[in-house]
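> Supplied in structure tokens, the structure appears directly below.
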Amino acid sequence: MRVVILPDAPSVARFAAEAVASTIAAKSNAVLGLATGSTPLGAYHRLIELSREQKLSFKDATTFNLDEYVGLGPTHPASYRRYMNENLFTQLDIPMEQTFVPIGNAANLLSECEEYERRIADAGGIDLQLLGIGTDGHIGFNEPGSSLSSRTRIKTLTEQTRRDNARFFASFDEVPTSSITMGIGTILDARSVLLLATGTGKAAAVQAAVEGSLTASIPASALQLHRAATIIVDEAAAARLERISYYRDSESERLRLGLNQ
Ligand code: GLP
């Protein structure tokens, strides 16, 4: 697991955008796994800039979002489909039919989950998966207790997650109680994974995920099993890491050995 500590949230955003850009530079038809929430917004802004400057094209890329609220249709103001359309897709050259977000109001939710897994497999699997982290250590909407080998399925949201996400809704009561989410097994199948975390609110979850035991109680700790997982944090989110000086030394060594190209 690589841990990269950067000075602030804009640096985290730039790092993530560069990782996406180099994935597409290496493979124009890359399959990207995307996340929602506040954390990836800076990276998405940078990707839009690169695309406007014609330094990056998404026309052959395919994207799969991690999750969606059950009960919210694609046009609901708080749906993740709407968030992605507004904050990214409509501002890039990606054809909308190459973007996938689980359909939260599908008539048959169970077959929507199965279909989603099948679509990812048909696309050849995910090359780069972006992740945020919940304050309870969740990734996607894989709440504590999620099977470490889970696939896309319906997952009940914890009260803590609903409270954290209430800012996107008119009131707490309007926050849906369930989600469709890629499973932890689905996420671990991605060829590389980038988890972004910024702010002191994430420091405890980051420490538990990176340095705690591998446990379903901290879903993000499953990334310890992944052979190409990178955790990108700002100083605030890194504040509780016990091996912080080792992570800094490792990055200096990478630079010295020319491993960052
Ligand atoms: C939601 C999403 C997660 C995201 C998390 C953190 O629960 N389902 O994918 O990582 O929020 O969001 P934020 O970046 O706003 O802190």
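Residue numbers start at 1 in each chain; chains themselves are named A, B, ... in the order of the structure tokens; ligands are numbered from 1 in the order shown.
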Which residues form the shell of 7 Å around ligand 1 when you count only C-alpha atoms and all ligand atoms, given as a list in words?

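What falls inside 7 Å of ligand 1 is Ala35, Thr36, Gly37, Ser38, Thr39, Pro40, Leu66, Asp67, Leu131, Gly132, Ile133, Gly134, Ile139, Gly140, Phe141, Thr161 and Asn165 of chain A.
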
> Which residues are close to Gly185 in chain A, i.e. within 10 Å by only C-alpha atoms, leaving aside same-chain residues fewer than 5 positions away? Reply as a list in words.

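Listing them by chain and then by number gives Ser147, Leu148, Ser149, Ser150, Arg151, Thr152, Ala190 and Ala222 of chain A.
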
> Work out how far apart CA of Ala107 in chain A and CA of Arg163 in chain A are and give it in Å to one decimal.

27.2 Å

> Identify all residues of range 17-197 of chain A in helix (DSSP H, G or I) (DSSP on the backbone) and supply them as an MDAnalysis selection string.

chainID A and resid 17:26 41:52 80:87 89:91 96:98 109:122 159:168 172:174 184:188

> Kindly indicate which residue among A:Leu110, A:Leu72, A:Ala30, A:Ala208 lies nearest to Pro176 in chain A, using only C-alpha atoms for the distances.

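With only C-alpha atoms as the atom set, the closest residue is A:Leu72.
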
> Return the single residue from A:Ile103, A:Gly33, A:Glu253, A:Asp93 that is closest to Arg81 in chain A, with distances computed using only C-alpha atoms.

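Going through A:Ile103, A:Gly33, A:Glu253, A:Asp93 one by one, the smallest distance to Arg81 in chain A is for A:Ile103.
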
> Residues at most 12 Å from Ala16 in chain A, counting only C-alpha atoms, excluding those fewer than 5 positions away in the same chain, as a PyMOL selection string?

chain A and resi 4+6+9-11+21-23+34-35+39-47+128-132+193-197+230-233

> Create the file for the chosen residues now, containing N, CA and C atoms and written as a short mmCIF file (atom, residue, chain, number, x, y, z; two decimals), in the first residue's frame.


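Result file follows (again_28.cif):
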data_model
loop_
_atom_site.label_atom_id
_atom_site.label_comp_id
_atom_site.auth_asym_id
_atom_site.auth_seq_id
_atom_site.Cartn_x
_atom_site.Cartn_y
_atom_site.Cartn_z
N VAL A 4 0.58 8.50 0.17
CA VAL A 4 1.17 9.76 -0.30
C VAL A 4 0.55 10.89 0.52
N LEU A 6 0.20 14.82 1.04
CA LEU A 6 0.37 16.07 0.30
C LEU A 6 -0.06 17.24 1.19
N ALA A 9 -5.74 19.95 0.20
CA ALA A 9 -6.75 19.32 -0.67
C ALA A 9 -6.51 19.60 -2.17
N PRO A 10 -6.12 20.84 -2.56
CA PRO A 10 -5.86 21.04 -4.00
C PRO A 10 -4.74 20.15 -4.53
N SER A 11 -3.72 19.86 -3.71
CA SER A 11 -2.65 18.97 -4.17
C SER A 11 -3.18 17.54 -4.34
N ALA A 21 -5.46 11.06 -15.79
CA ALA A 21 -4.93 11.49 -17.09
C ALA A 21 -3.89 10.49 -17.59
N SER A 22 -3.02 10.01 -16.72
CA SER A 22 -2.00 9.08 -17.24
C SER A 22 -2.60 7.71 -17.54
N THR A 23 -3.67 7.34 -16.85
CA THR A 23 -4.34 6.08 -17.19
C THR A 23 -4.91 6.17 -18.60
N LEU A 34 -15.56 5.55 -10.66
CA LEU A 34 -15.64 6.92 -10.12
C LEU A 34 -16.44 6.97 -8.82
N ALA A 35 -16.15 8.01 -8.05
CA ALA A 35 -16.77 8.18 -6.73
C ALA A 35 -17.50 9.52 -6.68
N THR A 39 -15.10 15.00 -1.71
CA THR A 39 -13.65 14.83 -1.88
C THR A 39 -13.18 14.82 -3.33
N PRO A 40 -13.83 14.10 -4.26
CA PRO A 40 -13.27 14.07 -5.62
C PRO A 40 -13.58 15.29 -6.47
N LEU A 41 -14.36 16.25 -5.95
CA LEU A 41 -14.78 17.39 -6.77
C LEU A 41 -13.60 18.17 -7.37
N GLY A 42 -12.56 18.40 -6.56
CA GLY A 42 -11.39 19.14 -7.05
C GLY A 42 -10.72 18.40 -8.19
N ALA A 43 -10.63 17.09 -8.07
CA ALA A 43 -10.03 16.29 -9.15
C ALA A 43 -10.88 16.40 -10.41
N TYR A 44 -12.21 16.37 -10.25
CA TYR A 44 -13.09 16.47 -11.42
C TYR A 44 -12.93 17.85 -12.09
N HIS A 45 -12.80 18.90 -11.28
CA HIS A 45 -12.58 20.23 -11.88
C HIS A 45 -11.32 20.25 -12.72
N ARG A 46 -10.28 19.64 -12.20
CA ARG A 46 -8.99 19.61 -12.92
C ARG A 46 -9.13 18.80 -14.22
N LEU A 47 -9.87 17.69 -14.16
CA LEU A 47 -10.06 16.89 -15.38
C LEU A 47 -10.83 17.68 -16.44
N LEU A 128 -8.79 1.82 -13.26
CA LEU A 128 -8.44 2.69 -12.12
C LEU A 128 -9.72 3.03 -11.37
N GLN A 129 -9.74 2.71 -10.10
CA GLN A 129 -10.92 3.00 -9.27
C GLN A 129 -10.59 4.13 -8.30
N LEU A 130 -11.34 5.23 -8.38
CA LEU A 130 -11.21 6.31 -7.40
C LEU A 130 -12.14 6.02 -6.24
N LEU A 131 -11.68 6.31 -5.04
CA LEU A 131 -12.50 6.10 -3.84
C LEU A 131 -12.38 7.29 -2.90
N GLY A 132 -13.46 7.58 -2.19
CA GLY A 132 -13.37 8.43 -1.01
C GLY A 132 -13.46 7.49 0.19
N VAL A 193 -6.20 1.14 -7.53
CA VAL A 193 -7.17 1.83 -6.67
C VAL A 193 -6.50 3.06 -6.06
N LEU A 194 -7.22 4.17 -6.07
CA LEU A 194 -6.73 5.42 -5.50
C LEU A 194 -7.76 5.91 -4.49
N LEU A 195 -7.42 5.91 -3.21
CA LEU A 195 -8.35 6.42 -2.21
C LEU A 195 -7.92 7.82 -1.80
N LEU A 196 -8.84 8.77 -1.89
CA LEU A 196 -8.55 10.17 -1.56
C LEU A 196 -9.23 10.52 -0.23
N ALA A 197 -8.50 11.22 0.62
CA ALA A 197 -9.11 11.67 1.87
C ALA A 197 -8.50 13.01 2.27
N THR A 230 -3.25 3.00 -3.66
CA THR A 230 -2.55 4.21 -3.22
C THR A 230 -3.53 5.05 -2.41
N ILE A 231 -3.06 5.51 -1.27
CA ILE A 231 -3.89 6.35 -0.40
C ILE A 231 -3.30 7.76 -0.50
N ILE A 232 -4.11 8.70 -0.96
CA ILE A 232 -3.63 10.08 -1.13
C ILE A 232 -4.33 10.93 -0.08
N VAL A 233 -3.56 11.51 0.81
CA VAL A 233 -4.17 12.28 1.90
C VAL A 233 -3.51 13.65 2.03
#

> Could you work out how far CA of Phe100 in chain A lies from CA of Arg119 in chain A, giving the answer in Å with one decimal?

8.8 Å

> Excluding range 224-227 of chain A and residues on its chain fewer than 3 positions from it, collect all residues at most 8 Å away from it, counting only C-alpha atoms, and give them as a list in words.

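These residues fall inside the cut-off: Met1, Leu188, Ser192, Ala209, Val210, Leu214 and Ser221 of chain A.
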
> Would you mind listing what lies within 12 Å of Asn85 in chain A as an MDAnalysis selection string, with only C-alpha atoms counted and same-chain residues fewer than 2 positions away left out?

chainID A and resid 36 44 63 65 74:83 87:97 99:101

> For range 100-201 of chain A versus range 234-239 of chain A, which residues have an atom no more than 8 Å away, and what is each residue's nearest atom pair and distance in Å rounded to one decimal, using only C-alpha atoms, chain-then-number order, as a Markdown table?


| residue | atom | partner | partner_atom | distance |
| --- | --- | --- | --- | --- |
| A:Ala197 | CA | A:Ala237 | CA | 6.2 |
| A:Thr198 | CA | A:Ala237 | CA | 5.1 |
| A:Gly199 | CA | A:Ala236 | CA | 4.9 |
| A:Thr200 | CA | A:Ala236 | CA | 4.8 |
| A:Gly201 | CA | A:Ala237 | CA | 7.2 |

> Write a file of the selected residues as an mmCIF file, in the first residue's frame, keeping all heavy atoms.


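For reference, result.cif as written:
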data_model
loop_
_atom_site.group_PDB
_atom_site.id
_atom_site.type_symbol
_atom_site.label_atom_id
_atom_site.label_comp_id
_atom_site.auth_asym_id
_atom_site.auth_seq_id
_atom_site.Cartn_x
_atom_site.Cartn_y
_atom_site.Cartn_z
ATOM 1 N N ALA A 197 -8.503 11.217 0.623
ATOM 2 C CA ALA A 197 -9.112 11.673 1.875
ATOM 3 C C ALA A 197 -8.499 13.007 2.268
ATOM 4 O O ALA A 197 -7.279 13.178 2.219
ATOM 5 C CB ALA A 197 -8.896 10.654 2.987
ATOM 6 N N THR A 198 -9.361 13.939 2.628
ATOM 7 C CA THR A 198 -8.888 15.260 3.040
ATOM 8 C C THR A 198 -9.646 15.701 4.297
ATOM 9 O O THR A 198 -10.804 15.325 4.497
ATOM 10 C CB THR A 198 -9.110 16.308 1.920
ATOM 11 O OG1 THR A 198 -10.493 16.311 1.563
ATOM 12 C CG2 THR A 198 -8.278 16.017 0.689
ATOM 13 N N GLY A 199 -8.958 16.488 5.136
ATOM 14 C CA GLY A 199 -9.619 17.081 6.307
ATOM 15 C C GLY A 199 -9.486 16.211 7.555
ATOM 16 O O GLY A 199 -9.375 14.988 7.464
ATOM 17 N N THR A 200 -9.544 16.878 8.697
ATOM 18 C CA THR A 200 -9.359 16.170 9.977
ATOM 19 C C THR A 200 -10.475 15.163 10.239
ATOM 20 O O THR A 200 -10.252 14.175 10.928
ATOM 21 C CB THR A 200 -9.347 17.160 11.167
ATOM 22 O OG1 THR A 200 -10.436 18.066 10.972
ATOM 23 C CG2 THR A 200 -8.063 17.947 11.253
ATOM 24 N N GLY A 201 -11.644 15.404 9.680
ATOM 25 C CA GLY A 201 -12.776 14.499 9.893
ATOM 26 C C GLY A 201 -12.484 13.080 9.403
ATOM 27 O O GLY A 201 -13.160 12.133 9.824
#

> Could you tell me which of A:Leu241, A:Ala25, A:Val31, A:Leu223 comes closest to Lys202 in chain A if we count only C-alpha atoms?

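When distances to Lys202 in chain A are compared using only C-alpha atoms, the smallest one comes from A:Leu241.
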
> Out of A:Tyr116, A:Pro102, A:Ser146, A:Gln54, which residue has the shortest atom-to-atom distance to Tyr69 in chain A when counting only C-alpha atoms?

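That would be A:Pro102, the residue with the smallest distance to Tyr69 in chain A.
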
> CA of Ala220 in chain A to CA of Thr135 in chain A: how many Å, to one decimal?

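Computing it gives 10.6 Å between the two atoms.
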
> List as a list in words the protein and nucleic acid residues near Asp164 in chain A, meaning an atom at most 10 Å away when only C-alpha atoms are counted, but skip any in the same chain fewer than 5 places from it.

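Everything that qualifies: Gly134, Thr135, Asp136, Thr158, Glu159, Phe172 and Val175 of chain A.
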
> Can I get the selection written as a tab-separated table (two decimals), in the first residue's frame, with N, CA, C and O atoms?


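What ended up in selection07.tsv:
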chain	number	residue	atom	x	y	z
A	134	GLY	N	-15.71	7.04	4.00
A	134	GLY	CA	-16.70	7.57	4.95
A	134	GLY	C	-16.04	7.71	6.32
A	134	GLY	O	-15.01	7.10	6.61
A	135	THR	N	-16.65	8.51	7.19
A	135	THR	CA	-16.07	8.68	8.54
A	135	THR	C	-16.11	7.36	9.31
A	135	THR	O	-15.36	7.17	10.26
A	136	ASP	N	-16.98	6.43	8.89
A	136	ASP	CA	-17.02	5.11	9.55
A	136	ASP	C	-16.14	4.09	8.81
A	136	ASP	O	-16.22	2.89	9.07
A	158	THR	N	-25.88	3.24	7.32
A	158	THR	CA	-25.85	3.45	8.77
A	158	THR	C	-26.40	4.85	9.07
A	158	THR	O	-26.40	5.73	8.20
A	159	GLU	N	-26.81	5.04	10.31
A	159	GLU	CA	-27.32	6.36	10.68
A	159	GLU	C	-26.20	7.40	10.54
A	159	GLU	O	-26.44	8.53	10.09
A	172	PHE	N	-32.75	15.47	7.22
A	172	PHE	CA	-32.22	14.13	7.50
A	172	PHE	C	-33.21	13.05	7.06
A	172	PHE	O	-32.82	12.01	6.51
A	175	VAL	N	-33.00	11.60	3.59
A	175	VAL	CA	-31.84	10.79	3.15
A	175	VAL	C	-32.30	9.35	3.02
A	175	VAL	O	-32.84	8.77	3.97

> Enumerate, as a ChimeraX atom specification, the complete set of residues in range 57-239 of chain A that a backbone-based DSSP assignment places in strand (DSSP E).

/A:62-65,67-69,99-100,128-131,153-156,178-181,192-197,229-234

> Keeping only N, CA and C atoms, write the selected residues to a file as a compact mmCIF listing (two decimals), in the first residue's frame.


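Resulting contents of result.txt:
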# COMPACT_ATOMS: atom_id res chain seq x y z
N THR A 62 -14.75 4.54 -20.58
CA THR A 62 -16.02 4.08 -20.00
C THR A 62 -15.90 4.30 -18.50
N THR A 63 -16.99 4.70 -17.86
CA THR A 63 -16.92 4.93 -16.41
C THR A 63 -18.02 4.15 -15.69
N PHE A 64 -17.68 3.70 -14.51
CA PHE A 64 -18.65 3.03 -13.63
C PHE A 64 -18.59 3.71 -12.27
N ASN A 65 -19.71 4.25 -11.83
CA ASN A 65 -19.73 4.82 -10.48
C ASN A 65 -19.92 3.73 -9.44
N ASP A 67 -21.76 3.80 -6.65
CA ASP A 67 -22.99 3.59 -5.89
C ASP A 67 -24.09 4.58 -6.25
N GLU A 68 -25.26 4.32 -5.73
CA GLU A 68 -26.43 5.19 -5.92
C GLU A 68 -27.41 4.93 -4.77
N TYR A 69 -28.19 5.94 -4.44
CA TYR A 69 -29.23 5.77 -3.42
C TYR A 69 -30.41 5.00 -3.99
N THR A 99 -21.17 6.06 -19.77
CA THR A 99 -21.10 6.33 -18.33
C THR A 99 -22.17 5.49 -17.62
N PHE A 100 -21.77 4.82 -16.57
CA PHE A 100 -22.70 3.96 -15.85
C PHE A 100 -22.76 4.34 -14.37
N LEU A 128 -8.79 1.82 -13.26
CA LEU A 128 -8.44 2.69 -12.12
C LEU A 128 -9.72 3.03 -11.37
N GLN A 129 -9.74 2.71 -10.10
CA GLN A 129 -10.92 3.00 -9.27
C GLN A 129 -10.59 4.13 -8.30
N LEU A 130 -11.34 5.23 -8.38
CA LEU A 130 -11.21 6.31 -7.40
C LEU A 130 -12.14 6.02 -6.24
N LEU A 131 -11.68 6.31 -5.04
CA LEU A 131 -12.50 6.10 -3.84
C LEU A 131 -12.38 7.29 -2.90
N ARG A 153 -24.55 -4.91 -4.72
CA ARG A 153 -25.76 -5.37 -4.03
C ARG A 153 -26.43 -4.19 -3.32
N ILE A 154 -27.55 -4.49 -2.67
CA ILE A 154 -28.25 -3.47 -1.89
C ILE A 154 -27.64 -3.45 -0.49
N LYS A 155 -27.34 -2.26 0.00
CA LYS A 155 -26.75 -2.17 1.34
C LYS A 155 -27.50 -1.10 2.13
N THR A 156 -27.93 -1.44 3.33
CA THR A 156 -28.58 -0.47 4.21
C THR A 156 -27.54 0.54 4.69
N SER A 178 -31.24 3.10 2.02
CA SER A 178 -30.49 2.02 1.36
C SER A 178 -29.79 2.53 0.12
N SER A 179 -28.87 1.73 -0.35
CA SER A 179 -28.10 2.08 -1.55
C SER A 179 -27.87 0.83 -2.39
N ILE A 180 -27.51 1.08 -3.66
CA ILE A 180 -26.90 0.01 -4.47
C ILE A 180 -25.42 0.36 -4.47
N THR A 181 -24.57 -0.57 -4.14
CA THR A 181 -23.14 -0.27 -4.15
C THR A 181 -22.33 -1.42 -4.72
N SER A 192 -6.09 -0.94 -10.43
CA SER A 192 -5.45 -0.08 -9.44
C SER A 192 -6.52 0.75 -8.73
N VAL A 193 -6.20 1.14 -7.53
CA VAL A 193 -7.17 1.83 -6.67
C VAL A 193 -6.50 3.06 -6.06
N LEU A 194 -7.22 4.17 -6.07
CA LEU A 194 -6.73 5.42 -5.50
C LEU A 194 -7.76 5.91 -4.49
N LEU A 195 -7.42 5.91 -3.21
CA LEU A 195 -8.35 6.42 -2.21
C LEU A 195 -7.92 7.82 -1.80
N LEU A 196 -8.84 8.77 -1.89
CA LEU A 196 -8.55 10.17 -1.56
C LEU A 196 -9.23 10.52 -0.23
N ALA A 197 -8.50 11.22 0.62
CA ALA A 197 -9.11 11.67 1.87
C ALA A 197 -8.50 13.01 2.27
N ALA A 229 -2.80 -0.38 -4.47
CA ALA A 229 -3.66 0.62 -3.83
C ALA A 229 -2.80 1.79 -3.35
N THR A 230 -3.25 3.00 -3.66
CA THR A 230 -2.55 4.21 -3.22
C THR A 230 -3.53 5.05 -2.41
N ILE A 231 -3.06 5.51 -1.27
CA ILE A 231 -3.89 6.35 -0.40
C ILE A 231 -3.30 7.76 -0.50
N ILE A 232 -4.11 8.70 -0.96
CA ILE A 232 -3.63 10.08 -1.13
C ILE A 232 -4.33 10.93 -0.08
N VAL A 233 -3.56 11.51 0.81
CA VAL A 233 -4.17 12.28 1.90
C VAL A 233 -3.51 13.65 2.03
N ASP A 234 -4.27 14.60 2.53
CA ASP A 234 -3.64 15.88 2.88
C ASP A 234 -3.12 15.77 4.31
